[in-house]
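Listing of work_20.csv, CSV, C-alpha atoms
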```
chain,number,residue,atom,x,y,z
A,47,MET,CA,3.4,-90.9,78.1
A,48,ARG,CA,2.2,-91.0,81.7
A,49,PHE,CA,0.2,-88.7,83.9
A,50,ASP,CA,2.2,-87.0,86.6
A,51,GLU,CA,0.0,-86.9,89.7
A,52,LYS,CA,2.3,-84.3,91.5
A,53,ARG,CA,2.3,-81.8,88.6
A,54,GLN,CA,-1.1,-82.8,87.2
A,55,LEU,CA,0.3,-83.0,83.7
A,56,SER,CA,0.9,-85.7,81.1
A,57,ARG,CA,4.6,-86.1,80.5
A,58,LEU,CA,7.0,-88.2,78.4
A,59,VAL,CA,8.9,-90.5,80.7
A,60,GLU,CA,11.6,-93.2,80.1
A,61,THR,CA,10.4,-96.6,81.2
A,62,TYR,CA,10.9,-100.2,80.4
A,63,VAL,CA,8.6,-101.9,77.9
A,64,ALA,CA,6.4,-104.9,78.8
A,65,ARG,CA,7.3,-108.5,77.8
A,66,SER,CA,4.6,-108.4,75.1
A,67,ASN,CA,6.3,-105.3,73.6
A,68,ALA,CA,9.6,-107.0,73.6
A,69,ALA,CA,8.2,-110.0,71.8
A,70,GLN,CA,6.7,-107.7,69.2
A,71,ARG,CA,10.1,-106.1,68.5
A,72,ARG,CA,11.6,-109.6,68.1
A,73,GLY,CA,8.9,-110.4,65.6
A,74,ARG,CA,9.6,-107.3,63.6
A,75,SER,CA,13.3,-108.1,63.3
A,76,GLY,CA,12.5,-111.4,61.5
A,77,ARG,CA,9.5,-110.4,59.5
A,78,VAL,CA,11.2,-110.3,56.1
A,79,GLN,CA,14.4,-112.4,56.7
A,80,ASP,CA,16.4,-113.7,59.6
A,81,GLY,CA,17.5,-110.9,61.9
A,82,LEU,CA,18.7,-109.9,65.3
A,83,CYS,CA,16.9,-107.9,68.0
A,84,PHE,CA,18.9,-106.3,70.8
A,85,HIS,CA,17.1,-105.3,74.0
A,86,LEU,CA,18.7,-102.8,76.4
A,87,PHE,CA,17.9,-104.8,79.5
A,88,THR,CA,19.1,-108.1,81.0
A,89,LYS,CA,17.4,-111.5,80.6
A,90,LEU,CA,16.9,-111.5,84.4
A,91,ARG,CA,15.0,-108.2,84.2
A,92,HIS,CA,12.9,-109.5,81.3
A,93,ASP,CA,11.9,-112.7,83.0
A,94,THR,CA,11.3,-111.4,86.5
A,95,ARG,CA,10.7,-107.6,86.6
A,96,LEU,CA,9.0,-106.6,83.4
A,97,ALA,CA,5.2,-106.5,83.3
A,98,GLU,CA,3.5,-109.1,81.1
A,99,HIS,CA,1.4,-106.4,79.2
A,100,PRO,CA,1.6,-102.6,79.2
A,101,ASP,CA,-1.0,-100.7,81.2
A,102,PRO,CA,-4.0,-99.5,79.1
A,103,GLU,CA,-3.9,-95.9,78.3
A,104,ILE,CA,-7.0,-95.2,80.3
A,105,MET,CA,-5.0,-96.4,83.4
A,106,ARG,CA,-1.9,-94.3,82.8
A,107,LEU,CA,-3.0,-91.0,81.2
A,108,SER,CA,-5.0,-88.1,82.4
A,109,LEU,CA,-8.7,-88.7,82.4
A,110,SER,CA,-9.6,-85.0,82.1
A,111,ASP,CA,-9.0,-84.8,78.4
A,112,LEU,CA,-11.1,-88.0,77.8
A,113,ALA,CA,-13.8,-86.7,80.1
A,114,LEU,CA,-13.9,-83.5,78.0
A,115,ARG,CA,-14.2,-85.5,74.8
A,116,ILE,CA,-17.1,-87.4,76.4
A,117,LYS,CA,-19.0,-84.2,77.0
A,118,ILE,CA,-18.2,-82.8,73.5
A,119,MET,CA,-19.4,-86.0,71.8
A,120,LYS,CA,-22.5,-86.2,74.0
A,121,VAL,CA,-21.9,-89.9,74.8
A,122,ASP,CA,-25.3,-91.2,76.0
A,123,MET,CA,-24.0,-94.0,78.2
A,124,GLY,CA,-25.0,-92.7,81.7
A,125,SER,CA,-26.1,-89.7,83.6
A,126,SER,CA,-22.5,-88.6,84.6
A,127,ILE,CA,-18.9,-88.9,83.4
A,128,GLU,CA,-18.3,-91.5,86.1
A,129,ASP,CA,-21.1,-93.7,84.7
A,130,VAL,CA,-19.5,-93.6,81.2
A,131,PHE,CA,-16.0,-94.5,82.6
A,132,SER,CA,-17.5,-97.4,84.6
A,133,GLN,CA,-18.5,-99.2,81.4
A,134,ALA,CA,-14.9,-99.3,80.0
A,135,LEU,CA,-13.1,-102.6,79.5
A,136,ASP,CA,-10.6,-101.5,82.1
A,137,PRO,CA,-12.5,-98.9,84.2
A,138,PRO,CA,-10.4,-96.4,86.1
A,139,SER,CA,-10.9,-95.9,89.8
A,140,ALA,CA,-13.7,-93.7,91.0
A,141,VAL,CA,-11.2,-91.5,92.7
A,142,ASN,CA,-9.3,-90.8,89.5
A,143,VAL,CA,-12.5,-90.0,87.6
A,144,GLN,CA,-13.6,-87.6,90.3
A,145,ARG,CA,-10.2,-86.0,90.3
A,146,ALA,CA,-10.5,-85.5,86.5
A,147,VAL,CA,-13.9,-83.9,86.8
A,148,SER,CA,-12.6,-81.6,89.6
A,149,VAL,CA,-9.8,-80.5,87.3
A,150,LEU,CA,-12.2,-79.6,84.5
A,151,VAL,CA,-14.4,-77.7,86.9
A,152,GLU,CA,-11.4,-75.9,88.3
A,153,VAL,CA,-10.2,-74.6,84.9
A,154,ARG,CA,-13.9,-73.7,84.1
A,155,ALA,CA,-14.2,-76.2,81.3
A,156,LEU,CA,-17.2,-77.8,83.0
A,157,THR,CA,-19.8,-76.4,85.4
A,158,PRO,CA,-20.3,-78.1,88.8
A,159,ASP,CA,-23.2,-80.0,87.1
A,160,GLU,CA,-20.8,-81.3,84.5
A,161,ASP,CA,-22.2,-79.2,81.7
A,162,ILE,CA,-19.5,-78.1,79.2
A,163,THR,CA,-18.7,-74.4,79.0
A,164,SER,CA,-17.6,-72.2,76.0
A,165,LEU,CA,-14.0,-72.4,77.4
A,166,GLY,CA,-14.3,-76.2,77.5
A,167,ARG,CA,-15.2,-76.3,73.9
A,168,LEU,CA,-12.1,-74.3,73.0
A,169,LEU,CA,-9.9,-76.4,75.2
A,170,SER,CA,-11.2,-79.6,73.5
A,171,GLY,CA,-9.7,-78.4,70.2
A,172,LEU,CA,-6.2,-78.2,71.6
A,173,PRO,CA,-3.9,-81.2,71.4
A,174,THR,CA,-2.6,-80.8,75.0
A,175,ASP,CA,-3.5,-80.9,78.7
A,176,VAL,CA,-6.3,-78.6,79.7
A,177,HIS,CA,-4.0,-76.6,82.0
A,178,ILE,CA,-1.6,-76.0,79.2
A,179,GLY,CA,-4.5,-75.3,76.9
A,180,LYS,CA,-5.9,-72.6,79.1
A,181,PHE,CA,-2.3,-71.2,79.5
A,182,LEU,CA,-2.1,-70.9,75.7
A,183,LEU,CA,-5.5,-69.2,75.5
A,184,MET,CA,-4.6,-66.8,78.2
A,185,ALA,CA,-1.3,-66.0,76.4
A,186,THR,CA,-3.2,-65.3,73.3
A,187,MET,CA,-5.4,-62.8,75.1
A,188,PHE,CA,-2.5,-61.1,76.7
A,189,ARG,CA,-0.4,-61.1,73.5
A,190,CYS,CA,2.5,-63.1,74.8
A,191,LEU,CA,1.9,-66.2,72.8
A,192,ASP,CA,5.4,-66.7,71.5
A,193,PRO,CA,7.2,-67.6,74.8
A,194,ALA,CA,4.0,-69.4,75.9
A,195,LEU,CA,4.2,-71.7,72.9
A,196,THR,CA,7.9,-72.6,73.8
A,197,ILE,CA,7.0,-73.3,77.4
A,198,ALA,CA,4.0,-75.4,76.5
A,199,ALA,CA,6.0,-77.4,73.9
A,200,THR,CA,8.9,-77.9,76.4
A,201,LEU,CA,6.5,-79.3,79.0
A,202,ASN,CA,5.3,-81.8,76.5
A,203,SER,CA,8.8,-83.0,75.3
A,204,LYS,CA,12.2,-83.8,76.6
A,205,SER,CA,14.5,-81.1,78.0
A,206,PRO,CA,16.7,-79.4,75.4
A,207,PHE,CA,19.6,-79.2,77.9
A,208,LEU,CA,22.2,-82.0,78.0
A,209,ALA,CA,24.6,-83.0,80.8
A,210,PRO,CA,27.2,-85.4,79.4
A,211,PHE,CA,29.1,-87.5,81.8
A,212,GLY,CA,32.2,-85.7,82.9
A,213,HIS,CA,31.0,-82.3,81.7
A,214,GLU,CA,28.2,-81.6,84.2
A,215,GLU,CA,29.7,-78.4,85.5
A,216,GLU,CA,30.3,-77.0,82.0
A,217,ALA,CA,26.7,-77.9,81.1
A,218,ASP,CA,25.4,-76.2,84.2
A,219,ARG,CA,27.4,-73.0,83.4
A,220,ALA,CA,26.0,-73.0,79.8
A,221,LYS,CA,22.5,-73.4,81.2
A,222,VAL,CA,23.0,-70.5,83.7
A,223,SER,CA,24.2,-68.3,80.9
A,224,PHE,CA,20.8,-68.6,79.2
A,225,ARG,CA,19.1,-68.0,82.5
A,226,THR,CA,20.9,-64.7,83.2
A,227,GLY,CA,20.8,-63.6,79.6
A,228,ILE,CA,24.6,-63.1,79.3
A,229,ILE,CA,25.3,-65.6,76.5
A,230,TYR,CA,26.8,-64.1,73.3
A,231,MET,CA,28.2,-65.8,70.3
A,232,PHE,CA,30.9,-63.7,68.8
A,233,THR,CA,29.9,-63.8,65.1
A,234,ARG,CA,29.1,-60.9,62.9
A,235,ARG,CA,26.2,-60.0,65.2
A,236,VAL,CA,25.0,-60.7,68.7
A,237,LEU,CA,23.0,-63.9,68.6
A,238,VAL,CA,20.8,-63.2,71.6
A,239,ASN,CA,20.4,-60.5,74.2
A,240,ALA,CA,17.8,-61.9,76.6
A,241,PHE,CA,16.7,-59.9,79.6
A,242,PRO,CA,18.0,-61.2,83.0
A,243,ASP,CA,15.5,-63.6,84.5
A,244,ASN,CA,15.8,-66.5,86.9
A,245,SER,CA,12.8,-68.3,85.6
A,246,ASP,CA,13.4,-71.9,84.4
A,247,PHE,CA,10.7,-71.3,81.8
A,248,MET,CA,12.3,-68.2,80.5
A,249,THR,CA,15.7,-70.0,80.5
A,250,MET,CA,14.2,-72.6,78.1
A,251,HIS,CA,12.7,-69.8,76.0
A,252,ASN,CA,16.0,-68.0,75.8
A,253,ALA,CA,17.8,-71.2,74.8
A,254,PHE,CA,15.2,-72.0,72.1
A,255,THR,CA,15.2,-68.5,70.7
A,256,SER,CA,19.0,-68.6,70.4
A,257,TRP,CA,18.8,-72.0,68.7
A,258,ARG,CA,16.2,-70.7,66.2
A,259,ARG,CA,18.4,-67.8,65.2
A,260,ALA,CA,21.5,-70.0,64.9
A,261,SER,CA,19.5,-72.4,62.7
A,262,SER,CA,19.8,-70.1,59.7
A,263,ASP,CA,23.4,-71.5,59.3
A,264,THR,CA,23.3,-75.3,59.4
A,265,THR,CA,27.1,-75.5,60.0
A,266,PHE,CA,27.0,-72.9,62.8
A,267,VAL,CA,24.0,-74.4,64.6
A,268,ARG,CA,25.8,-77.7,65.2
A,269,LYS,CA,28.7,-75.9,66.8
A,270,PHE,CA,26.2,-73.8,68.8
A,271,CYS,CA,24.5,-76.8,70.2
A,272,ARG,CA,27.8,-78.5,71.1
A,273,THR,CA,29.2,-75.4,72.8
A,274,ASN,CA,26.0,-74.8,74.8
A,275,PHE,CA,25.2,-78.5,75.6
A,276,LEU,CA,21.8,-78.4,73.7
A,277,SER,CA,20.1,-81.3,72.0
A,278,GLN,CA,19.4,-80.5,68.4
A,279,GLN,CA,16.9,-83.3,68.2
A,280,ASN,CA,14.9,-82.2,71.3
A,281,LEU,CA,14.9,-78.6,70.1
A,282,GLN,CA,13.5,-79.6,66.8
A,283,GLN,CA,10.8,-81.6,68.5
A,284,ILE,CA,9.9,-78.5,70.5
A,285,GLU,CA,9.7,-76.5,67.3
A,286,ASP,CA,7.4,-79.1,65.8
A,287,LEU,CA,5.1,-79.0,68.8
A,288,ARG,CA,5.1,-75.2,68.8
A,289,GLN,CA,3.8,-75.3,65.2
A,290,GLN,CA,1.2,-77.8,66.1
A,291,PHE,CA,0.0,-75.7,69.0
A,292,LEU,CA,0.1,-72.6,66.9
A,293,ALA,CA,-2.1,-74.2,64.3
A,294,SER,CA,-4.6,-75.4,66.9
A,295,VAL,CA,-5.0,-72.3,69.1
A,296,PRO,CA,-8.4,-70.9,68.2
A,297,CYS,CA,-9.4,-67.3,68.1
A,298,MET,CA,-5.8,-66.2,67.9
A,299,LEU,CA,-6.4,-64.1,64.9
A,300,HIS,CA,-10.0,-63.1,65.6
A,301,ARG,CA,-10.3,-60.3,68.2
A,302,ASN,CA,-14.1,-60.6,68.2
A,303,CYS,CA,-14.0,-64.1,69.7
A,304,SER,CA,-14.5,-64.0,73.5
A,305,PHE,CA,-15.5,-66.3,76.3
A,306,GLU,CA,-16.2,-65.9,80.0
A,307,PHE,CA,-14.1,-67.6,82.6
A,308,ASN,CA,-12.5,-66.8,85.9
A,309,ILE,CA,-8.8,-66.0,85.5
A,310,SER,CA,-8.0,-67.4,89.0
```
Go through the file and emit its structure as structure tokens.
Amino acid sequence: MRFDEKRQLSRLVETYVARSNAAQRRGRSGRVQDGLCFHLFTKLRHDTRLAEHPDPEIMRLSLSDLALRIKIMKVDMGSSIEDVFSQALDPPSAVNVQRAVSVLVEVRALTPDEDITSLGRLLSGLPTDVHIGKFLLMATMFRCLDPALTIAATLNSKSPFLAPFGHEEEADRAKVSFRTGIIYMFTRRVLVNAFPDNSDFMTMHNAFTSWRRASSDTTFVRKFCRTNFLSQQNLQQIEDLRQQFLASVPCMLHRNCSFEFNIS
């Protein structure tokens, strides 16, 4: 998991491990008896290009979530969030801390004086980035939570779309069919009839909705995923994240719960 500066979101990315991680894997293969450990990189890369140790999480993840936890826990280690971070074993740069505070102020989780707001307390209970958390709360208010859950889960996991080598054009056509809402599986009933929409987010939602309906038949769902170049494993991960978000969204079933914040 790494923080994407451009998108201002924490995302799963594929990256090489550090040499200390590789040594740990070798130790695990021989813990009980003699074993073999295969690394998917060359010895040259291991010796010359891999880092000695992985970066601490505080250096590679968004600081906004941690800053919000600091305010929730009322950590008395300084007069400001920056003072608290400066006492860490691997303190992040002042620029990154200020950026994190600015993000929290922007989404109305903190006041300009770094006081936590009622919205900030709600966002602290969600296991996701504050932007996505606010997105889910807004979706709850406007009664469009179902597609919002899919979008939020997709942003926190790998893409459900596959593009196997040699079948890129077929995979693109399958993806476009979800986007335009014209995909039909000729079974006893129409599987999905999505409204035409060119949004990438709604494309993901249409694909996920189709997969969920196909999942009632374990034999058919495998064929459905193969035909439409979808990853069964990634779709299941999205489903698991949806359920986690659904269990964590506060006030969803309580109309009397309200909070004040600027929609912009």
Residues at most 12 Å from Val267 in chain A, counting all atoms listed in the file, excluding those fewer than 5 positions away in the same chain, as a VMD selection string? chain A and resid 231 237 254 256 to 262 272 to 279 281 to 282
Just the residues within 9 Å of range 99-106 of chain A, please, counting only C-alpha atoms, with nothing from its chain fewer than 3 positions along; format it as a list in words. Met47, Arg48, Phe49, Val63, Ala64, Arg65, Ser66, Asn67, Leu96, Leu109, Leu112, Ala134, Asp136, Pro137, Pro138 and Ser139 of chain A
Neighbours of Val176 in chain A within 8 Å (only C-alpha atoms; same-chain residues fewer than 3 positions away dropped), as an MDAnalysis selection string? chainID A and resid 110:111 150 153 169:170 179:180
Output for the residues just chosen: C-alpha atoms as a compact mmCIF listing (two decimals), in the frame of the given file:
```txt
# COMPACT_ATOMS: atom_id res chain seq x y z
CA SER A 110 -9.60 -85.00 82.10
CA ASP A 111 -9.00 -84.80 78.40
CA LEU A 150 -12.20 -79.60 84.50
CA VAL A 153 -10.20 -74.60 84.90
CA LEU A 169 -9.90 -76.40 75.20
CA SER A 170 -11.20 -79.60 73.50
CA GLY A 179 -4.50 -75.30 76.90
CA LYS A 180 -5.90 -72.60 79.10
```
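Between CA of Thr186 in chain A and CA of Thr200 in chain A the interatomic distance comes to 17.7 Å.
Straight-line separation from CA of Phe291 in chain A to CA of Phe181 in chain A: 11.7 Å.
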